[in-house]
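**Student:** protein04.tsv is the file, holding TSV, C-alpha atoms:
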```
chain	number	residue	atom	x	y	z
A	1	MET	CA	41.12	-27.17	114.91
A	2	ALA	CA	39.80	-26.08	118.30
A	3	CYS	CA	43.00	-27.28	119.97
A	4	LEU	CA	45.10	-25.26	117.51
A	5	LEU	CA	43.12	-22.09	118.20
A	6	LEU	CA	43.48	-22.63	121.95
A	7	PHE	CA	47.23	-23.08	121.55
A	8	ILE	CA	47.54	-19.84	119.55
A	9	TYR	CA	45.45	-17.98	122.12
A	10	LEU	CA	47.61	-19.21	125.02
A	11	LEU	CA	50.74	-18.28	123.09
A	12	LEU	CA	49.50	-14.74	122.53
A	13	ILE	CA	48.58	-14.42	126.19
A	14	SER	CA	52.07	-15.52	127.28
A	15	CYS	CA	53.66	-12.99	124.91
A	16	CYS	CA	51.45	-9.99	125.53
A	17	GLN	CA	50.26	-10.18	129.13
A	18	CYS	CA	53.49	-10.02	131.12
A	19	ASP	CA	52.27	-8.48	134.38
A	20	ASP	CA	55.12	-6.28	135.68
A	21	ARG	CA	58.05	-8.16	134.14
A	22	LEU	CA	59.63	-9.88	131.18
A	23	THR	CA	61.71	-13.04	131.32
A	24	GLN	CA	63.81	-14.83	128.74
A	25	ALA	CA	60.75	-16.99	128.05
A	26	GLU	CA	58.28	-14.09	127.86
A	27	ARG	CA	58.57	-11.40	125.21
A	28	LEU	CA	56.80	-8.12	124.72
A	29	ILE	CA	55.28	-8.17	121.24
A	30	HIS	CA	53.53	-5.45	119.25
A	31	PRO	CA	50.62	-5.17	118.67
A	32	GLY	CA	48.97	-5.66	122.05
A	33	GLY	CA	51.98	-6.16	124.29
A	34	VAL	CA	52.13	-4.17	127.52
A	35	VAL	CA	53.85	-4.48	130.90
A	36	VAL	CA	52.17	-2.79	133.88
A	37	SER	CA	53.94	-2.07	137.17
A	38	LYS	CA	52.73	-4.00	140.21
A	39	GLY	CA	50.61	-1.15	141.55
A	40	GLY	CA	49.37	-0.14	138.11
A	41	VAL	CA	51.10	3.24	138.19
A	42	PHE	CA	53.16	2.91	135.01
A	43	ALA	CA	52.98	0.92	131.79
A	44	LEU	CA	55.62	-0.12	129.27
A	45	GLY	CA	54.66	-0.73	125.68
A	46	PHE	CA	54.74	0.37	122.07
A	47	PHE	CA	53.22	3.56	120.72
A	48	SER	CA	53.05	5.63	117.54
A	49	PRO	CA	52.77	9.43	117.44
A	50	ALA	CA	49.28	10.77	116.85
A	51	THR	CA	50.32	12.25	113.52
A	52	SER	CA	51.77	9.04	112.08
A	53	ASN	CA	51.41	5.30	112.34
A	54	GLN	CA	54.58	4.66	110.36
A	55	SER	CA	56.94	5.19	113.31
A	56	LEU	CA	56.86	2.92	116.34
A	57	PHE	CA	58.48	3.63	119.71
A	58	LEU	CA	58.96	1.75	122.97
A	59	GLY	CA	58.11	3.88	125.97
A	60	ILE	CA	56.91	4.17	129.56
A	61	TRP	CA	53.83	6.19	130.44
A	62	TYR	CA	51.50	6.90	133.36
A	63	ASN	CA	48.98	4.09	133.32
A	64	LYS	CA	46.20	5.80	135.28
A	65	ILE	CA	46.18	9.20	133.57
A	66	PRO	CA	43.53	9.38	130.80
A	67	GLU	CA	45.71	11.55	128.60
A	68	ARG	CA	48.73	9.47	127.60
A	69	THR	CA	51.77	11.03	129.31
A	70	TYR	CA	55.16	9.55	128.46
A	71	VAL	CA	58.12	9.67	130.85
A	72	TRP	CA	60.73	7.64	128.95
A	73	VAL	CA	61.35	6.50	125.37
A	74	ALA	CA	63.91	3.82	124.55
A	75	ASN	CA	64.41	4.40	120.84
A	76	ARG	CA	63.48	8.07	120.55
A	77	ASN	CA	65.96	8.73	117.72
A	78	ASP	CA	65.64	5.31	116.10
A	79	PRO	CA	61.93	4.67	115.43
A	80	ILE	CA	60.81	1.34	114.07
A	81	THR	CA	59.73	2.11	110.52
A	82	THR	CA	58.64	-1.39	109.53
A	83	PRO	CA	55.44	-1.93	111.53
A	84	PRO	CA	53.11	-3.60	112.21
A	85	SER	CA	55.18	-5.88	114.47
A	86	ALA	CA	58.05	-5.39	116.90
A	87	MET	CA	59.49	-7.28	119.87
A	88	LEU	CA	61.28	-6.60	123.15
A	89	ALA	CA	63.14	-9.62	124.51
A	90	ILE	CA	66.00	-10.68	126.79
A	91	ASN	CA	68.69	-12.56	124.88
A	92	ASN	CA	71.13	-15.24	126.08
A	93	SER	CA	73.64	-12.56	127.09
A	94	SER	CA	71.07	-11.01	129.45
A	95	ASP	CA	70.73	-7.93	127.21
A	96	LEU	CA	67.34	-6.31	126.70
A	97	VAL	CA	66.86	-6.06	122.94
A	98	LEU	CA	64.28	-4.21	120.85
A	99	SER	CA	63.92	-5.49	117.29
A	100	ASP	CA	61.67	-4.85	114.31
A	101	SER	CA	59.59	-7.29	112.26
A	102	LYS	CA	62.64	-8.20	110.14
A	103	GLY	CA	64.75	-9.06	113.16
A	104	HIS	CA	66.93	-5.94	112.96
A	105	THR	CA	68.14	-4.68	116.33
A	106	ILE	CA	66.82	-1.16	116.96
A	107	TRP	CA	67.90	-0.59	120.56
A	108	THR	CA	69.72	-2.54	123.25
A	109	ALA	CA	70.07	-2.22	127.01
A	110	MET	CA	73.54	-3.71	127.40
A	111	ASN	CA	74.43	-5.90	130.35
A	112	SER	CA	77.95	-4.88	131.37
A	113	THR	CA	78.04	-6.85	134.60
A	114	ILE	CA	78.13	-10.52	133.64
A	115	THR	CA	78.82	-12.67	130.59
A	116	GLY	CA	75.86	-14.78	129.62
A	117	GLY	CA	73.82	-16.16	132.48
A	118	ASP	CA	70.32	-17.52	132.83
A	119	GLY	CA	67.34	-16.14	134.65
A	120	ALA	CA	67.72	-12.41	133.97
A	121	TYR	CA	64.43	-10.54	133.88
A	122	ALA	CA	63.17	-6.99	133.31
A	123	VAL	CA	60.74	-5.49	135.81
A	124	LEU	CA	58.79	-2.22	135.65
A	125	LEU	CA	58.55	-0.63	139.09
A	126	ASP	CA	55.87	1.70	140.44
A	127	SER	CA	58.56	4.41	140.48
A	128	GLY	CA	58.61	4.31	136.66
A	129	ASN	CA	62.03	2.67	136.61
A	130	LEU	CA	62.57	-0.24	134.23
A	131	GLU	CA	65.22	-2.53	135.73
A	132	LEU	CA	67.10	-5.46	134.25
A	133	GLN	CA	67.85	-7.79	137.15
A	134	LEU	CA	69.56	-11.07	137.92
A	135	PRO	CA	67.75	-13.82	139.88
A	136	ASN	CA	69.56	-12.69	143.06
A	137	GLY	CA	68.04	-9.20	142.70
A	138	THR	CA	71.17	-7.46	141.41
A	139	THR	CA	70.29	-4.65	139.00
A	140	ILE	CA	72.52	-4.75	135.93
A	141	TRP	CA	70.78	-1.94	134.01
A	142	GLN	CA	68.01	0.59	134.73
A	143	SER	CA	66.19	3.22	132.72
A	144	PHE	CA	66.71	5.79	135.51
A	145	ASP	CA	70.36	5.90	134.42
A	146	HIS	CA	69.28	6.79	130.87
A	147	PRO	CA	66.56	9.47	131.14
A	148	THR	CA	65.10	11.11	128.06
A	149	ASP	CA	63.15	14.28	128.95
A	150	THR	CA	61.60	13.59	132.36
A	151	ILE	CA	62.85	13.40	135.95
A	152	LEU	CA	60.57	11.32	138.17
A	153	PRO	CA	60.28	11.55	141.97
A	154	ASN	CA	63.15	9.85	143.81
A	155	MET	CA	65.24	9.65	140.65
A	156	LYS	CA	68.88	10.45	141.27
A	157	PHE	CA	70.17	12.39	138.28
A	158	LEU	CA	73.93	12.64	137.73
A	159	LEU	CA	74.69	15.98	136.11
A	160	THR	CA	78.49	15.94	135.96
A	161	TYR	CA	81.29	13.55	136.77
A	162	LYS	CA	84.94	14.69	136.83
A	163	ALA	CA	84.02	17.90	134.97
A	164	GLN	CA	82.27	15.98	132.18
A	165	ILE	CA	78.54	15.91	131.40
A	166	ALA	CA	77.22	12.60	132.71
A	167	GLU	CA	73.52	12.70	131.84
A	168	ARG	CA	71.33	15.13	129.94
A	169	LEU	CA	67.61	15.72	129.60
A	170	VAL	CA	66.53	16.64	126.08
A	171	ALA	CA	63.02	17.83	125.21
A	172	TRP	CA	60.85	16.18	122.57
A	173	LYS	CA	61.18	17.72	119.14
A	174	GLY	CA	57.43	18.33	119.10
A	175	PRO	CA	54.21	17.27	120.86
A	176	ASP	CA	53.96	14.19	118.64
A	177	ASP	CA	57.66	13.69	117.93
A	178	PRO	CA	59.70	12.09	120.74
A	179	SER	CA	63.02	12.48	118.90
A	180	SER	CA	65.60	14.78	120.50
A	181	GLY	CA	64.65	18.44	120.25
A	182	GLU	CA	66.52	21.71	120.74
A	183	PHE	CA	65.98	22.37	124.44
A	184	TYR	CA	68.10	20.77	127.15
A	185	PRO	CA	69.43	21.79	130.60
A	186	ASN	CA	73.14	21.75	131.35
A	187	SER	CA	75.06	22.22	134.58
A	188	ASN	CA	78.34	23.58	135.88
A	189	PHE	CA	77.27	24.16	139.50
A	190	GLN	CA	74.07	25.60	138.04
A	191	VAL	CA	71.30	24.30	135.82
A	192	ILE	CA	70.96	26.17	132.53
A	193	MET	CA	68.40	25.66	129.79
A	194	TRP	CA	69.85	25.75	126.28
A	195	GLN	CA	68.17	26.12	122.91
A	196	GLY	CA	70.64	24.52	120.55
A	197	THR	CA	73.85	26.48	121.21
A	198	ARG	CA	72.10	29.55	122.68
A	199	LYS	CA	71.68	30.00	126.43
A	200	TYR	CA	67.93	30.30	127.04
A	201	CYS	CA	67.64	30.77	130.82
A	202	ARG	CA	69.04	29.70	134.19
A	203	LEU	CA	66.90	27.47	136.38
A	204	PHE	CA	68.85	27.40	139.66
A	205	VAL	CA	72.32	27.14	141.17
A	206	LEU	CA	73.37	23.93	142.88
A	207	ASP	CA	73.89	24.39	146.60
A	208	SER	CA	75.64	21.10	147.40
A	209	VAL	CA	78.52	19.13	145.93
A	210	TRP	CA	79.35	15.53	146.86
A	211	GLY	CA	82.98	14.85	146.05
A	212	GLU	CA	83.37	15.10	142.31
A	213	GLN	CA	79.76	14.13	141.58
A	214	HIS	CA	77.03	16.77	141.49
A	215	TYR	CA	73.42	15.72	141.96
A	216	PHE	CA	70.01	17.28	142.11
A	217	TYR	CA	66.61	15.77	142.75
A	218	ASP	CA	63.41	16.75	141.05
A	219	ALA	CA	61.86	19.93	142.39
A	220	PRO	CA	59.46	22.55	141.00
A	221	ASN	CA	61.46	25.23	139.18
A	222	ARG	CA	60.53	28.01	136.81
A	223	CYS	CA	62.66	29.36	133.99
A	224	ASP	CA	62.16	32.97	135.09
A	225	ASN	CA	65.75	34.26	135.01
A	226	ARG	CA	66.66	34.82	131.37
A	227	GLY	CA	70.23	35.23	130.15
```
Could you write out this structure as structure tokens?

**Tutor:**
Amino acid sequence: MACLLLFIYLLLISCCQCDDRLTQAERLIHPGGVVVSKGGVFALGFFSPATSNQSLFLGIWYNKIPERTYVWVANRNDPITTPPSAMLAINNSSDLVLSDSKGHTIWTAMNSTITGGDGAYAVLLDSGNLELQLPNGTTIWQSFDHPTDTILPNMKFLLTYKAQIAERLVAWKGPDDPSSGEFYPNSNFQVIMWQGTRKYCRLFVLDSVWGEQHYFYDAPNRCDNRG
């Protein structure tokens, strides 16, 4: 009996305490599972809004700030509604897959670089970026390319590509609801905040263009020019 309990304990430790990375042999399991970046700056794990324990999300938050502050949510518009268990794992195709307790796929970070392959792992960096990497260090997917509502320092954010919107930040629907809300910035050589289909205010005008790709980096801006 003692040996069985020890085996179960070691199994839980291998599933839930993953340091700064996940491998194909190590899975992030709710409840209890968390990945912490090497320097302890950010954490990746499961959370439920304060107003409800019936919806479960996978997100990244500041690990050293007492008040939980989220910077990225994987399944913001597809909450897990069958708690109490969920799992994040790397499959045989090197995809990062979030599934519920019934095995239904909720969200997937698709690997578009290789077919199959062994040894892929996911690592949470101190920058707040979650990267899916190959053993040789090649990044085949990263959360920085799929922001939700937050731009972090040193994040390169692609606004437009060939006159098309490439990436978009969308505010939370409410303080305890990470689903997509009404407010989002847009850009056509300027960054504009929209509320649904109504222009809310202009943040700033881009002052540099690189080829056909327009970038900006995070900087303090105020929405003080309405219209």

**Student:** How many Å lie between atom CA of Ile80 of chain A and atom CA of Ser127 of chain A, rounded to one decimal?

**Tutor:**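 The value is 26.7 Å.
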
**Student:** Please write as a list in words the list of polymer residues whose atoms come within 8 Å of (61.5, 9.6, 127.0), counting all atoms listed in the file and keeping to the coordinates of the file.

**Tutor:** Gly59, Ile60, Tyr70, Val71, Trp72, Val73, Ala74, Arg76, Pro147, Thr148, Asp149, Thr150, Trp172 and Pro178 of chain A

**Student:** What is the distance, in Å and to one decimal place, between atom CA of Asn92 of chain A and atom CA of Leu125 of chain A?

**Tutor:**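 These two atoms are separated by 23.3 Å.
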
**Student:** Between atom CA of Pro84 of chain A and atom CA of Val97 of chain A, what is the distance, to one decimal in Å?

**Tutor:** 17.6 Å

**Student:** Return the single residue from A:Asn77, A:Gln133, A:Ser143, A:Ser180 that is closest to Arg21 of chain A, with distances computed using all atoms listed in the file.

**Tutor:**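 Using all atoms listed in the file, Arg21 of chain A sits closest to A:Gln133.
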
**Student:** In the coordinate frame of the file, compute which residues have an atom within 10 Å of (58.3, -5.3, 134.1) when using all atoms listed in the file, and state them as a PDB file with C-alpha atoms, keeping the file's coordinate frame.

**Tutor:**
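See selection-v9.pdb below for the written result:
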```
ATOM      1  CA  CYS A  18      53.490 -10.020 131.120  1.00  0.00           C
ATOM      2  CA  ASP A  19      52.270  -8.480 134.380  1.00  0.00           C
ATOM      3  CA  ASP A  20      55.120  -6.280 135.680  1.00  0.00           C
ATOM      4  CA  ARG A  21      58.050  -8.160 134.140  1.00  0.00           C
ATOM      5  CA  LEU A  22      59.630  -9.880 131.180  1.00  0.00           C
ATOM      6  CA  THR A  23      61.710 -13.040 131.320  1.00  0.00           C
ATOM      7  CA  LEU A  28      56.800  -8.120 124.720  1.00  0.00           C
ATOM      8  CA  VAL A  34      52.130  -4.170 127.520  1.00  0.00           C
ATOM      9  CA  VAL A  35      53.850  -4.480 130.900  1.00  0.00           C
ATOM     10  CA  VAL A  36      52.170  -2.790 133.880  1.00  0.00           C
ATOM     11  CA  SER A  37      53.940  -2.070 137.170  1.00  0.00           C
ATOM     12  CA  LYS A  38      52.730  -4.000 140.210  1.00  0.00           C
ATOM     13  CA  PHE A  42      53.160   2.910 135.010  1.00  0.00           C
ATOM     14  CA  ALA A  43      52.980   0.920 131.790  1.00  0.00           C
ATOM     15  CA  LEU A  44      55.620  -0.120 129.270  1.00  0.00           C
ATOM     16  CA  TYR A 121      64.430 -10.540 133.880  1.00  0.00           C
ATOM     17  CA  ALA A 122      63.170  -6.990 133.310  1.00  0.00           C
ATOM     18  CA  VAL A 123      60.740  -5.490 135.810  1.00  0.00           C
ATOM     19  CA  LEU A 124      58.790  -2.220 135.650  1.00  0.00           C
ATOM     20  CA  LEU A 125      58.550  -0.630 139.090  1.00  0.00           C
ATOM     21  CA  ASP A 126      55.870   1.700 140.440  1.00  0.00           C
ATOM     22  CA  GLY A 128      58.610   4.310 136.660  1.00  0.00           C
ATOM     23  CA  ASN A 129      62.030   2.670 136.610  1.00  0.00           C
ATOM     24  CA  LEU A 130      62.570  -0.240 134.230  1.00  0.00           C
ATOM     25  CA  GLU A 131      65.220  -2.530 135.730  1.00  0.00           C
ATOM     26  CA  LEU A 132      67.100  -5.460 134.250  1.00  0.00           C
TER      27      LEU A 132
END
```
